[in-house]
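Below is one structure, written out as structure tokens; comments come after it.
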Amino acid sequence: MIVIADDITGAAEIAGIAFAHGEDVRLVCGDVIATNGISVVATDTRSMSEADAVAETRRIASRLLPHDSFLFKKTDSALRGHVVAELSALMQATGYRRAVYVPANPSKGRVISNGIYYIHHVPIADTNFSFDPEFPAYTSTLEERFPDASAKGILMPDVENLDDIRRIIVQYNDGYTLFAGAADLFANLLETGFSEESVSLRKPSTSVPSIDTGLSTLILCGSTQSKAIDCGIAASGMPEEVYNGSDDISSWDFSTYETTHSLILTIPFSHRTGHEAAHHLRTMMALMAKRLVTLHCPAHLIIEGGATAWATLQALGWTQFDIVAQHAPGIVTMRTPAKTLVTIKPGSYPWGKIIE
């Protein structure tokens, strides 16, 4: 089974769900690998132009093997991304006759009622997602957000609860329909089974381990909205000149890292906005992380923020991961072939009590 996700935190969230269900799962960046279990492919197409996203989706689809009989497309639960363009490209490349798109996550208060998307009873256009720099929620009506979906064979049913998701799975699980959507849809597909070639579920993992920062640990807080982490590790903020656009990271103080081999990198400013600024910040964070990993590879790399995670892993050349633990929904620890632990957390998700 193959899952294609348009960002790495979404990919990690899906991999964590599969792992918690007892599946043999591997996460890869930008490629497809042969596996007897579930292969989750992170593409980062959400950060690309639509044309580049379509080209990358087609490239990934061309790598699918004939025995990859079930495909799931992970999409954002806040309607972000090049949804229609990517689903259309996948259907054309794989032969699926239609797609059923379920971005709703009822377990997190995200539902679709009468074609309108709500987050905790508030239309999405009236939430902070209306200020998203790349995919602002200018309307809460799915047909207005994706006006060409129906003509391209993409169904967008109402979903007000988990029973609605289960009903949709039973209705469309015919082998000709591509399932696309958020975590609740995937989790219920795991529980329900996949068409005639269903994935047999092994004993689910019920343990929820905390993250041990007693190891040599490098933590990247890639969001300007990151909250302070109190785990006994020194923090070093991005220099203001770097934050304001300089590419010279030599002034970034990492002196404590040279002796303790543990450090938290933060962005202590928040006045810059827009795609260009966001790209610069994650690129500088990734460059600094690469410098520190080269100096002393930590036992554990923890990254907050999907865009920062993708940029950092690309800079390090780390592309394949085995799943080690799911600490909370969307917060997943993986292991590289070199045995380095990597934990990824979406920027909008709380840490809770999982860091020791």
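Chains: A, B, ... in order of the structure tokens. Residues: from 1 per chain. Ligands: from 1, in order shown.
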Worksheet entry | Surrounding residues of Leu220 of chain A excluding itself and chain neighbours under 5 positions, 9 Å, only C-alpha atoms, as an MDAnalysis selection string | chainID A and resid 263:266 285:286 289 301:305 308:309
Worksheet item: Contacts of Ala125 of chain A at 8 Å or less, counting only C-alpha atoms, minus same-chain residues fewer than 6 places along, as JSON, numbers by chain?
Response: {"A": [137, 138, 139, 140]}
Worksheet item: Neighbours of segment 81-88 of chain A within 8 Å (only C-alpha atoms; same-chain residues fewer than 5 positions away dropped), as a list of chain:residue names?
Response: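 Counting only C-alpha atoms, the residues come to A:Asp6, A:Thr45, A:Arg46, A:Ser47, A:Glu50, A:Ala53, A:Val54, A:Thr57, A:Lys73, A:Thr75, A:Asp76, A:Ala99, A:Phe135, A:Phe146, A:Asp148, A:Ala149, A:Lys152, A:Ile154.
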Discussion item. One decimal, in Å: what's the spacing between atom CA of Ile2 of chain A and atom CA of Val342 of chain A?
Written reply: 21.7 Å
Discussion item. As a ChimeraX atom specification, please: the residues near Gln326 of chain A (cut-off 7 Å, only C-alpha atoms, same-chain neighbours under 3 positions excluded).
Written reply: /A:16,20,208,331-333
File dump, residues just selected, N, CA and C atoms, as a PDB file, in the first residue's frame:
```pdb
ATOM      1  N   GLY A  16       2.497   7.458  11.620  1.00  0.00           N
ATOM      2  CA  GLY A  16       2.279   7.198  13.044  1.00  0.00           C
ATOM      3  C   GLY A  16       0.990   6.434  13.292  1.00  0.00           C
ATOM      4  N   ALA A  20       0.785   2.760  14.929  1.00  0.00           N
ATOM      5  CA  ALA A  20      -0.028   2.492  16.112  1.00  0.00           C
ATOM      6  C   ALA A  20      -1.005   1.350  15.888  1.00  0.00           C
ATOM      7  N   VAL A 208       2.325   5.006  24.717  1.00  0.00           N
ATOM      8  CA  VAL A 208       2.580   6.364  24.243  1.00  0.00           C
ATOM      9  C   VAL A 208       3.826   6.871  24.966  1.00  0.00           C
ATOM     10  N   ILE A 331       2.620  13.602  16.149  1.00  0.00           N
ATOM     11  CA  ILE A 331       3.960  13.719  16.734  1.00  0.00           C
ATOM     12  C   ILE A 331       4.596  12.335  16.725  1.00  0.00           C
ATOM     13  N   VAL A 332       5.571  12.167  15.837  1.00  0.00           N
ATOM     14  CA  VAL A 332       6.089  10.835  15.520  1.00  0.00           C
ATOM     15  C   VAL A 332       7.615  10.831  15.586  1.00  0.00           C
ATOM     16  N   THR A 333       8.175   9.769  16.144  1.00  0.00           N
ATOM     17  CA  THR A 333       9.628   9.570  16.137  1.00  0.00           C
ATOM     18  C   THR A 333       9.980   8.494  15.117  1.00  0.00           C
TER      19      THR A 333
END
```
Find the spatial neighbours of Glu13 of chain A, counting only C-alpha atoms, within a cut-off of 7 Å - ignore same-chain residues fewer than 2 positions away - and output them as a CSV table (one decimal) with N, CA and C atoms, in the first residue's frame.
```
chain,number,residue,atom,x,y,z
A,9,THR,N,4.9,16.6,7.6
A,9,THR,CA,4.2,16.4,8.8
A,9,THR,C,2.9,15.6,8.6
A,10,GLY,N,2.3,15.8,7.5
A,10,GLY,CA,1.1,15.0,7.2
A,10,GLY,C,1.5,13.5,6.9
A,11,ALA,N,2.7,13.3,6.3
A,11,ALA,CA,3.2,12.0,6.0
A,11,ALA,C,3.5,11.3,7.4
A,15,ALA,N,2.0,7.9,8.9
A,15,ALA,CA,2.9,6.8,9.3
A,15,ALA,C,2.7,6.5,10.8
A,16,GLY,N,2.5,7.5,11.6
A,16,GLY,CA,2.3,7.2,13.0
A,16,GLY,C,1.0,6.4,13.3
A,17,ILE,N,-0.1,6.8,12.6
A,17,ILE,CA,-1.3,6.1,12.7
A,17,ILE,C,-1.2,4.6,12.3
A,329,PRO,N,-1.2,12.3,18.3
A,329,PRO,CA,-1.5,12.4,16.9
A,329,PRO,C,-0.7,13.5,16.2
A,330,GLY,N,0.1,13.1,15.2
A,330,GLY,CA,0.9,14.0,14.4
A,330,GLY,C,2.3,14.1,15.0
A,331,ILE,N,2.6,13.6,16.1
A,331,ILE,CA,4.0,13.7,16.7
A,331,ILE,C,4.6,12.3,16.7
A,332,VAL,N,5.6,12.2,15.8
A,332,VAL,CA,6.1,10.8,15.5
A,332,VAL,C,7.6,10.8,15.6
```
Practice prompt. Select from segment 10-146 of chain A everything DSSP, run on the backbone, classes as strand (DSSP E), then give the selection as JSON, numbers by chain.
Written response: {"A": [25, 26, 27, 28, 29, 38, 39, 40, 41, 42, 71, 72, 73, 74, 98, 99, 100, 101, 102, 110, 111, 112, 113, 116, 117, 118, 119, 122, 123]}
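The residue set within 9 Å of Gly30 of chain A, counting only C-alpha atoms and dropping same-chain residues fewer than 3 places from it, reads Val41, Ala42, Thr43, Asp44, Glu56, Ile60 and Thr319 of chain A.
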If DSSP is run on the backbone, what residues of segment 30-161 of chain A are helix (DSSP H, G or I)? A reply as a tab-separated table (two decimals) with N, CA and C atoms, in the first residue's frame would be ideal.
```
chain	number	residue	atom	x	y	z
A	45	THR	N	4.74	18.88	-2.06
A	45	THR	CA	4.11	19.59	-3.17
A	45	THR	C	3.27	20.78	-2.71
A	46	ARG	N	2.90	20.81	-1.45
A	46	ARG	CA	2.12	21.95	-0.96
A	46	ARG	C	2.92	23.24	-1.02
A	47	SER	N	4.25	23.12	-0.95
A	47	SER	CA	5.11	24.30	-1.00
A	47	SER	C	5.52	24.67	-2.42
A	50	GLU	N	1.60	25.19	-8.55
A	50	GLU	CA	0.68	24.14	-8.99
A	50	GLU	C	1.29	23.30	-10.11
A	51	ALA	N	1.94	23.95	-11.07
A	51	ALA	CA	2.54	23.21	-12.19
A	51	ALA	C	3.61	22.24	-11.69
A	52	ASP	N	4.46	22.71	-10.75
A	52	ASP	CA	5.50	21.83	-10.21
A	52	ASP	C	4.90	20.71	-9.37
A	53	ALA	N	3.82	21.03	-8.65
A	53	ALA	CA	3.16	20.01	-7.83
A	53	ALA	C	2.58	18.90	-8.70
A	54	VAL	N	1.97	19.28	-9.82
A	54	VAL	CA	1.42	18.29	-10.74
A	54	VAL	C	2.54	17.43	-11.33
A	55	ALA	N	3.63	18.06	-11.74
A	55	ALA	CA	4.76	17.33	-12.32
A	55	ALA	C	5.34	16.34	-11.31
A	56	GLU	N	5.49	16.77	-10.05
A	56	GLU	CA	6.02	15.88	-9.02
A	56	GLU	C	5.05	14.74	-8.72
A	57	THR	N	3.76	15.05	-8.70
A	57	THR	CA	2.76	14.00	-8.47
A	57	THR	C	2.81	12.96	-9.58
A	58	ARG	N	2.94	13.40	-10.81
A	58	ARG	CA	3.04	12.46	-11.93
A	58	ARG	C	4.32	11.64	-11.84
A	59	ARG	N	5.40	12.27	-11.41
A	59	ARG	CA	6.67	11.54	-11.29
A	59	ARG	C	6.55	10.44	-10.24
A	60	ILE	N	5.96	10.78	-9.10
A	60	ILE	CA	5.78	9.78	-8.05
A	60	ILE	C	4.86	8.67	-8.54
A	61	ALA	N	3.78	9.03	-9.22
A	61	ALA	CA	2.83	8.02	-9.73
A	61	ALA	C	3.51	7.08	-10.72
A	62	SER	N	4.45	7.60	-11.48
A	62	SER	CA	5.14	6.76	-12.47
A	62	SER	C	6.03	5.72	-11.80
A	83	VAL	N	-5.13	20.68	-4.27
A	83	VAL	CA	-5.93	19.47	-4.10
A	83	VAL	C	-6.44	18.92	-5.42
A	84	VAL	N	-7.20	19.71	-6.15
A	84	VAL	CA	-7.83	19.23	-7.39
A	84	VAL	C	-6.77	18.87	-8.43
A	85	ALA	N	-5.77	19.70	-8.57
A	85	ALA	CA	-4.73	19.45	-9.58
A	85	ALA	C	-3.99	18.15	-9.30
A	86	GLU	N	-3.65	17.91	-8.04
A	86	GLU	CA	-2.92	16.69	-7.71
A	86	GLU	C	-3.79	15.44	-7.82
A	87	LEU	N	-5.03	15.52	-7.37
A	87	LEU	CA	-5.92	14.37	-7.50
A	87	LEU	C	-6.18	14.04	-8.96
A	88	SER	N	-6.37	15.05	-9.78
A	88	SER	CA	-6.58	14.82	-11.21
A	88	SER	C	-5.36	14.14	-11.83
A	89	ALA	N	-4.17	14.60	-11.46
A	89	ALA	CA	-2.94	14.00	-11.99
A	89	ALA	C	-2.82	12.54	-11.55
A	90	LEU	N	-3.16	12.25	-10.30
A	90	LEU	CA	-3.08	10.88	-9.82
A	90	LEU	C	-4.08	9.97	-10.53
A	91	MET	N	-5.30	10.46	-10.72
A	91	MET	CA	-6.30	9.64	-11.40
A	91	MET	C	-5.88	9.34	-12.83
A	92	GLN	N	-5.35	10.34	-13.52
A	92	GLN	CA	-4.90	10.14	-14.90
A	92	GLN	C	-3.76	9.14	-14.98
A	93	ALA	N	-2.88	9.17	-13.98
A	93	ALA	CA	-1.69	8.32	-14.02
A	93	ALA	C	-1.96	6.90	-13.56
A	94	THR	N	-2.98	6.71	-12.72
A	94	THR	CA	-3.20	5.40	-12.10
A	94	THR	C	-4.44	4.68	-12.59
A	106	PRO	N	-13.50	14.80	12.02
A	106	PRO	CA	-14.49	14.98	13.09
A	106	PRO	C	-13.90	14.82	14.49
A	107	SER	N	-12.89	13.97	14.64
A	107	SER	CA	-12.29	13.76	15.96
A	107	SER	C	-11.62	15.02	16.49
A	108	LYS	N	-11.33	15.97	15.60
A	108	LYS	CA	-10.71	17.23	15.99
A	108	LYS	C	-11.64	18.42	15.75
A	124	ILE	N	-14.60	27.90	8.27
A	124	ILE	CA	-13.14	28.02	8.18
A	124	ILE	C	-12.70	29.41	7.71
A	125	ALA	N	-13.53	30.09	6.90
A	125	ALA	CA	-13.17	31.43	6.43
A	125	ALA	C	-13.19	32.46	7.56
A	126	ASP	N	-13.78	32.10	8.69
A	126	ASP	CA	-13.82	33.00	9.85
A	126	ASP	C	-12.79	32.63	10.90
A	128	ASN	N	-8.39	31.68	11.72
A	128	ASN	CA	-7.07	32.18	11.34
A	128	ASN	C	-6.57	31.60	10.02
A	129	PHE	N	-7.21	30.53	9.54
A	129	PHE	CA	-6.80	29.97	8.25
A	129	PHE	C	-7.13	30.92	7.10
A	130	SER	N	-7.92	31.92	7.36
A	130	SER	CA	-8.19	32.92	6.32
A	130	SER	C	-6.95	33.79	6.07
A	131	PHE	N	-5.96	33.73	6.99
A	131	PHE	CA	-4.74	34.52	6.84
A	131	PHE	C	-3.56	33.69	6.36
A	142	LEU	N	-17.10	24.36	0.04
A	142	LEU	CA	-16.17	23.54	-0.73
A	142	LEU	C	-16.33	23.75	-2.23
A	143	GLU	N	-17.55	23.89	-2.71
A	143	GLU	CA	-17.76	24.07	-4.14
A	143	GLU	C	-17.17	25.38	-4.64
A	144	GLU	N	-17.12	26.40	-3.78
A	144	GLU	CA	-16.50	27.67	-4.16
A	144	GLU	C	-14.98	27.57	-4.06
A	145	ARG	N	-14.50	26.83	-3.08
A	145	ARG	CA	-13.05	26.67	-2.91
A	145	ARG	C	-12.47	25.81	-4.05
A	150	SER	N	-15.98	18.75	-9.16
A	150	SER	CA	-17.02	17.84	-9.65
A	150	SER	C	-16.80	17.46	-11.11
A	151	ALA	N	-16.45	18.43	-11.94
A	151	ALA	CA	-16.23	18.16	-13.36
A	151	ALA	C	-15.05	17.22	-13.58
A	152	LYS	N	-14.15	17.14	-12.61
A	152	LYS	CA	-12.98	16.27	-12.75
A	152	LYS	C	-13.13	14.96	-11.99
```
Worksheet item: Rounded to one decimal in Å, what is the spacing between atom CA of Tyr96 of chain A and atom CA of Asp24 of chain A?
Response: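 According to the coordinates, atom CA of Tyr96 of chain A and atom CA of Asp24 of chain A are separated by 25.4 Å.
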Worksheet item: In Å, how far is it from atom CA of His261 of chain A to atom CA of Ile323 of chain A?
Response: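 Distance reported for this atom pair: 24.1 Å.
Ranking A:Leu287, A:Glu134, A:Ile8, A:Ser49 by their shortest atom-to-atom distance to Asp247 of chain A, with only C-alpha atoms included, puts A:Leu287 first.
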